[in-house]
file my_file_33.csv (CSV, C-alpha atoms)
chain,number,residue,atom,x,y,z
R,129,MET,CA,85.9,95.7,84.1
R,130,SER,CA,88.8,95.6,86.6
R,131,ASP,CA,92.0,93.9,85.4
R,132,GLY,CA,92.8,92.9,89.0
R,133,ARG,CA,95.5,95.6,89.5
R,134,PRO,CA,95.0,98.2,92.3
R,135,LYS,CA,93.9,101.6,91.3
R,136,ILE,CA,96.6,104.2,92.0
R,137,GLY,CA,96.1,107.9,92.8
R,138,ILE,CA,98.8,110.5,93.4
R,139,ARG,CA,98.7,112.9,96.4
R,140,GLU,CA,101.0,115.9,96.5
R,141,TYR,CA,102.6,117.5,99.6
R,142,THR,CA,104.6,120.7,99.9
R,143,PHE,CA,106.7,121.3,103.0
R,144,LEU,CA,107.7,124.9,103.6
R,145,ASP,CA,110.4,126.4,105.9
R,146,LEU,CA,108.3,128.8,108.0
R,147,GLU,CA,111.3,129.9,110.0
R,148,GLU,CA,113.0,131.7,107.0
R,149,GLU,CA,111.4,134.8,105.5
R,150,GLU,CA,114.0,135.1,102.7
R,151,LYS,CA,115.0,132.2,100.4
R,152,ARG,CA,112.3,130.1,101.9
R,153,ALA,CA,113.1,126.4,101.4
R,154,GLU,CA,110.5,124.0,100.2
R,155,LEU,CA,110.1,120.3,99.5
R,156,ARG,CA,107.6,118.8,97.2
R,157,VAL,CA,106.7,115.1,97.5
R,158,SER,CA,104.3,113.0,95.5
R,159,ILE,CA,102.9,109.8,97.1
R,160,PRO,CA,101.0,107.1,95.2
R,161,GLU,CA,98.0,105.8,97.1
R,162,VAL,CA,96.2,102.5,96.5
R,163,LEU,CA,92.6,103.5,96.2
R,164,ASP,CA,91.1,100.1,96.5
R,165,PHE,CA,89.5,99.8,99.9
R,166,GLN,CA,90.8,96.3,100.6
R,167,TYR,CA,94.4,97.6,100.5
R,168,GLY,CA,93.8,100.7,102.6
R,169,MET,CA,97.3,101.9,101.5
R,170,HIS,CA,97.0,105.7,101.7
R,171,VAL,CA,98.5,108.5,103.7
R,172,TRP,CA,97.1,108.9,107.2
R,173,PRO,CA,97.0,112.2,109.2
R,174,CYS,CA,99.8,111.0,111.5
R,175,ALA,CA,102.2,110.5,108.5
R,176,VAL,CA,101.8,114.2,107.5
R,177,VAL,CA,102.6,115.3,111.1
R,178,LEU,CA,105.6,113.1,111.3
R,179,ALA,CA,106.8,114.2,107.9
R,180,GLN,CA,106.5,117.8,109.0
R,181,PHE,CA,108.6,117.0,112.1
R,182,ILE,CA,111.3,115.4,109.9
R,183,TRP,CA,111.3,118.4,107.6
R,184,PHE,CA,111.6,120.9,110.5
R,185,HIS,CA,114.6,118.9,111.8
R,186,ARG,CA,116.1,118.2,108.4
R,187,LYS,CA,119.5,119.7,109.2
R,188,ASP,CA,119.9,117.0,111.9
R,189,LEU,CA,119.1,114.2,109.4
R,190,ASN,CA,121.8,114.6,106.8
R,191,GLY,CA,123.9,111.3,106.7
R,192,LYS,CA,121.9,109.7,109.5
R,193,MET,CA,120.8,106.1,109.2
R,194,VAL,CA,117.0,106.0,109.4
R,195,LEU,CA,114.6,103.0,109.5
R,196,GLU,CA,110.9,103.5,108.9
R,197,VAL,CA,108.7,100.7,110.4
R,198,GLY,CA,105.2,100.1,109.3
R,199,ALA,CA,106.0,102.3,106.3
R,200,GLY,CA,103.1,101.7,104.0
R,201,VAL,CA,103.2,104.4,101.4
R,202,SER,CA,106.3,105.8,103.2
R,203,LEU,CA,105.7,109.6,103.3
R,204,PRO,CA,108.0,110.1,106.3
R,205,GLY,CA,110.7,107.9,104.9
R,206,VAL,CA,110.6,109.6,101.5
R,207,VAL,CA,110.9,113.0,103.2
R,208,ALA,CA,113.8,111.8,105.3
R,209,ALA,CA,115.6,110.6,102.2
R,210,LYS,CA,115.0,113.9,100.5
R,211,CYS,CA,116.5,115.6,103.6
R,212,GLY,CA,119.8,113.6,103.1
R,213,ALA,CA,119.2,110.6,105.4
R,214,LYS,CA,120.2,107.1,104.5
R,215,VAL,CA,116.8,105.4,104.7
R,216,ILE,CA,115.6,101.8,105.0
R,217,LEU,CA,111.9,101.2,104.6
R,218,SER,CA,110.1,98.3,106.2
R,219,ASP,CA,106.7,96.8,106.6
R,220,SER,CA,105.2,93.5,107.6
R,221,ALA,CA,106.9,90.6,105.9
R,222,GLU,CA,103.4,89.1,105.7
R,223,LEU,CA,102.0,92.0,103.5
R,224,PRO,CA,104.0,92.1,100.3
R,225,GLN,CA,101.6,94.7,98.8
R,226,CYS,CA,102.8,97.1,101.5
R,227,LEU,CA,106.4,96.7,100.5
R,228,GLN,CA,105.3,97.3,96.9
R,229,ASN,CA,103.7,100.6,97.9
R,230,GLY,CA,107.0,101.8,99.4
R,231,LEU,CA,108.7,101.0,96.1
R,232,ARG,CA,106.2,103.0,94.2
R,233,SER,CA,106.7,106.0,96.5
R,234,CYS,CA,110.5,105.9,95.9
R,235,GLU,CA,110.1,105.6,92.2
R,236,GLN,CA,107.6,108.5,92.1
R,237,ASN,CA,110.1,110.7,93.9
R,238,ASN,CA,113.2,109.6,91.9
R,239,ILE,CA,114.8,108.0,94.9
R,240,ALA,CA,117.0,105.1,94.0
R,241,GLY,CA,118.7,102.4,96.0
R,242,ILE,CA,116.6,102.5,99.2
R,243,PRO,CA,116.3,99.0,100.7
R,244,ILE,CA,112.7,97.9,101.4
R,245,ILE,CA,112.5,94.9,103.7
R,246,GLY,CA,109.9,92.8,105.5
R,247,LEU,CA,109.9,93.2,109.3
R,248,THR,CA,107.2,91.7,111.4
R,249,TRP,CA,106.8,93.4,114.8
R,250,GLY,CA,107.8,91.2,117.7
R,251,GLU,CA,109.8,88.8,115.5
R,252,ILE,CA,113.7,88.7,115.6
R,253,SER,CA,114.1,87.9,111.9
R,254,PRO,CA,117.3,87.6,109.8
R,255,ASP,CA,116.5,91.0,108.2
R,256,LEU,CA,116.2,92.6,111.6
R,257,LEU,CA,119.5,91.1,112.7
R,258,ASP,CA,121.2,92.2,109.5
R,259,LEU,CA,120.3,95.9,109.9
R,260,PRO,CA,123.2,98.4,110.1
R,261,ASN,CA,123.5,100.8,113.1
R,262,ILE,CA,120.3,102.9,113.2
R,263,ASP,CA,120.2,106.5,114.4
R,264,ILE,CA,116.5,107.2,114.1
R,265,ILE,CA,113.4,104.9,113.8
R,266,LEU,CA,110.3,106.4,112.2
R,267,GLY,CA,106.8,105.1,112.7
R,268,SER,CA,103.5,107.0,111.9
R,269,ASP,CA,100.3,105.7,113.5
R,270,VAL,CA,101.9,102.3,114.2
R,271,PHE,CA,100.1,102.2,117.6
R,272,TYR,CA,96.8,101.6,115.8
R,273,GLU,CA,95.7,98.2,117.3
R,274,PRO,CA,96.3,97.7,121.0
R,275,LYS,CA,97.1,94.0,120.4
R,276,ASP,CA,100.2,95.2,118.5
R,277,PHE,CA,101.5,97.7,121.0
R,278,GLU,CA,103.9,95.4,122.8
R,279,ASP,CA,105.2,93.8,119.6
R,280,ILE,CA,106.1,97.2,118.3
R,281,LEU,CA,108.0,98.1,121.4
R,282,VAL,CA,109.7,94.8,121.5
R,283,THR,CA,111.1,95.5,118.1
R,284,VAL,CA,112.0,99.1,119.1
R,285,ARG,CA,113.7,97.9,122.3
R,286,PHE,CA,115.7,95.3,120.4
R,287,LEU,CA,117.0,97.9,118.0
R,288,MET,CA,117.8,100.3,120.8
R,289,GLU,CA,119.7,97.7,122.7
R,290,ARG,CA,122.0,97.5,119.7
R,291,ASN,CA,121.9,101.3,119.1
R,292,GLN,CA,121.7,102.9,122.5
R,293,GLN,CA,121.6,106.5,121.2
R,294,ALA,CA,118.8,105.8,118.7
R,295,GLN,CA,115.5,107.6,118.9
R,296,PHE,CA,112.1,106.5,117.9
R,297,TRP,CA,110.1,109.3,116.3
R,298,THR,CA,106.5,108.4,116.2
R,299,THR,CA,103.1,110.0,115.8
R,300,TYR,CA,100.0,108.7,117.5
R,301,GLN,CA,96.4,109.4,116.9
R,302,VAL,CA,94.3,109.3,120.1
R,303,ARG,CA,91.4,107.0,119.4
R,304,SER,CA,90.5,106.0,122.9
R,305,ALA,CA,91.3,107.5,126.3
R,306,ASP,CA,91.6,103.9,127.6
R,307,TRP,CA,94.6,103.1,125.3
R,308,SER,CA,98.1,103.8,126.7
R,309,ILE,CA,101.6,102.6,126.1
R,310,GLU,CA,102.9,103.9,129.5
R,311,SER,CA,103.1,100.6,131.3
R,312,LEU,CA,104.7,98.9,128.3
R,313,LEU,CA,107.3,101.6,128.1
R,314,PHE,CA,108.2,101.0,131.8
R,315,LYS,CA,108.2,97.2,131.2
R,316,TRP,CA,110.7,97.5,128.3
R,317,ASN,CA,112.9,100.2,129.9
R,318,LEU,CA,111.9,102.9,127.5
R,319,THR,CA,111.1,106.5,128.1
R,320,CYS,CA,108.9,108.9,126.1
R,321,THR,CA,108.8,112.7,125.5
R,322,ASN,CA,105.7,114.3,124.1
R,323,ILE,CA,106.6,117.1,121.6
R,324,SER,CA,104.1,119.9,121.2
R,325,LEU,CA,102.9,120.2,117.6
R,326,ASN,CA,103.2,124.0,117.7
R,327,THR,CA,107.0,123.7,118.2
R,328,PHE,CA,107.4,122.5,114.6
R,329,HIS,CA,104.4,124.2,113.0
R,330,ALA,CA,102.2,121.1,112.8
R,331,ASP,CA,99.3,122.6,114.8
R,332,LYS,CA,97.3,123.5,111.7
R,333,GLN,CA,94.2,122.4,110.0
R,334,CYS,CA,96.0,122.4,106.7
R,335,LEU,CA,99.6,121.0,106.7
R,336,ALA,CA,101.9,120.6,103.7
R,337,GLY,CA,99.1,121.5,101.4
R,338,SER,CA,96.9,118.7,102.9
R,339,ASP,CA,93.9,119.0,105.1
R,340,LEU,CA,94.6,115.5,106.5
R,341,PRO,CA,95.6,116.4,110.0
R,342,GLY,CA,92.4,118.4,110.4
R,343,ARG,CA,90.8,118.1,113.8
R,344,HIS,CA,92.4,114.7,114.6
R,345,SER,CA,94.0,114.5,118.0
R,346,ILE,CA,97.6,113.6,117.1
R,347,GLN,CA,100.6,113.3,119.4
R,348,MET,CA,104.3,113.5,118.4
R,349,LEU,CA,106.4,111.3,120.6
R,350,ILE,CA,110.2,110.7,120.9
R,351,ILE,CA,110.9,107.3,122.6
R,352,THR,CA,114.4,106.4,123.8
R,353,LEU,CA,116.1,103.8,125.9
R,354,ASP,CA,115.8,104.6,129.6
R,355,THR,CA,119.4,104.3,130.4
R,356,GLU,CA,118.8,105.0,134.1
R,357,ALA,CA,116.4,102.0,134.3
R,358,THR,CA,118.9,99.7,132.5
R,359,ARG,CA,121.5,100.4,135.3
R,360,ARG,CA,119.1,99.7,138.1
R,361,PRO,CA,119.7,96.3,139.9
R,362,THR,CA,117.0,93.7,139.3
call {"tool": "encode", "arguments": {"input": "my_file_33.csv", "output": "C-alpha cells"}}
result
Amino acid sequence: MSDGRPKIGIREYTFLDLEEEEKRAELRVSIPEVLDFQYGMHVWPCAVVLAQFIWFHRKDLNGKMVLEVGAGVSLPGVVAAKCGAKVILSDSAELPQCLQNGLRSCEQNNIAGIPIIGLTWGEISPDLLDLPNIDIILGSDVFYEPKDFEDILVTVRFLMERNQQAQFWTTYQVRSADWSIESLLFKWNLTCTNISLNTFHADKQCLAGSDLPGRHSIQMLIITLDTEATRRPT
C-alpha cells in the first residue's frame, strides 16, 4: 500500500569532453525523478540536449549568474552549477512539488546553497523583481503548450530589459509544424539564433549515457534582446 509519498528513481548522466583526446574531462550527474504519473517530474529529451550545450560551453560559465526557468528536476541547472556558475532554480509558484524536485536534485549532487524560487510565467512577482543581474537564462522544453508561449517570452523580455546582455538558452522539441514563436519574438523585440546540434556533439541517438534524445526533433535556440528593434522609433 502506498504511503502517499512519490516514488523516486535515480537516472545517471555522464558528459564527456569529446574535443580532448588526452586527459578527457567528464562530469557525472545523478537526477532523482518522480515516477508517479501524476507528477510527471522526470528528465525530458530537451533537458539532456541543453545540458550538453552547457557542458560544451562550460568554460564560459564560470562565475556567471544563471537562472533556470521551468526547472523541474533541474538537469541543466545542476550541470551549470557543476561548471562553476552561480545558479538560481525556478519553477511555477503554483507547483510546490516542482520546487521540491529541484531541491532533491541539488542534494543528490552535493550542491549547497542554490536558491530555489517560485516564478510564474507572465507575472511580475516580488521574487522576479528581487533577482540579481542575470547573465544566462536556461529553459528546456518550456515551449510545450502554445498558450504559455507569450507568458514565457514576457518573463524573458522583462529580465532582458534589466540585463540587456543576457542570453536565453533554450531547447525546443518540435511537436507541430503549426507552432511558432517567431511572431511573438518580433512583438517583444527579441531575436533568435538556431544552433546546429552537431556543433556541440548533441546530434546523437545516445547522449550523456542516455538514449532520451533519440529520434526526437529538438532545436537549440539562443534568444537575445533585439537591440536594433529597441532603437527604432515607434
call {"tool": "atom_distance", "arguments": {"input": "my_file_33.csv", "atom1": "atom CA of R:Ile242", "atom2": "atom CA of R:Ala209"}}
result
8.7 Å
call {"tool": "closest_residue", "arguments": {"input": "my_file_33.csv", "among": "R:Pro341, R:Gly230, R:Gly205, R:Pro224", "to": "R:Leu325", "atoms": "only C-alpha atoms"}}
result
R:Pro341
call {"tool": "closest_residue", "arguments": {"input": "my_file_33.csv", "among": "R:Cys320, R:Leu312, R:Leu256, R:Val194", "to": "R:Pro274", "atoms": "only C-alpha atoms"}}
result
R:Leu312
call {"tool": "atom_distance", "arguments": {"input": "my_file_33.csv", "atom1": "atom CA of R:Phe314", "atom2": "atom CA of R:Leu195"}}
result
23.3 Å
call {"tool": "residues_around", "arguments": {"input": "my_file_33.csv", "residues": "R:Leu335", "least_positions_apart": "3", "cutoff": "10 Å", "atoms": "only C-alpha atoms", "output": "list of chain:residue names"}}
result
R:Tyr141, R:Thr142, R:Phe143, R:Leu144, R:Pro173, R:Val176, R:Val177, R:Ala179, R:Gln180, R:His329, R:Ala330, R:Asp331, R:Lys332, R:Ser338, R:Asp339, R:Leu340, R:Pro341, R:Gly342
call {"tool": "residues_around", "arguments": {"input": "my_file_33.csv", "residues": "R:Ala294", "least_positions_apart": "3", "cutoff": "7 Å", "atoms": "only C-alpha atoms", "output": "list in words"}}
result
Ile262, Asp263, Ile264, Met288, Asn291 and Thr352 of chain R
call {"tool": "atom_distance", "arguments": {"input": "my_file_33.csv", "atom1": "atom CA of R:Asp354", "atom2": "atom CA of R:Ile265"}}
result
16.0 Å
call {"tool": "closest_residue", "arguments": {"input": "my_file_33.csv", "among": "R:Gln301, R:Asn237, R:Ser218, R:Ser311", "to": "R:Ile138", "atoms": "all atoms listed in the file"}}
result
R:Asn237
call {"tool": "residues_around", "arguments": {"input": "my_file_33.csv", "residues": "R:Ser202", "least_positions_apart": "2", "cutoff": "10 Å", "atoms": "all atoms listed in the file", "output": "number ranges by chain"}}
result
R: 159-160, 169-171, 175, 179, 196-200, 204-208, 217-219, 226-227, 229-234, 266-268
call {"tool": "residues_around", "arguments": {"input": "my_file_33.csv", "residues": "R:Ser308", "least_positions_apart": "4", "cutoff": "10 Å", "atoms": "all atoms listed in the file", "output": "list of chain:residue names"}}
result
R:Phe271, R:Pro274, R:Phe277, R:Val302, R:Ser304, R:Leu312, R:Leu313
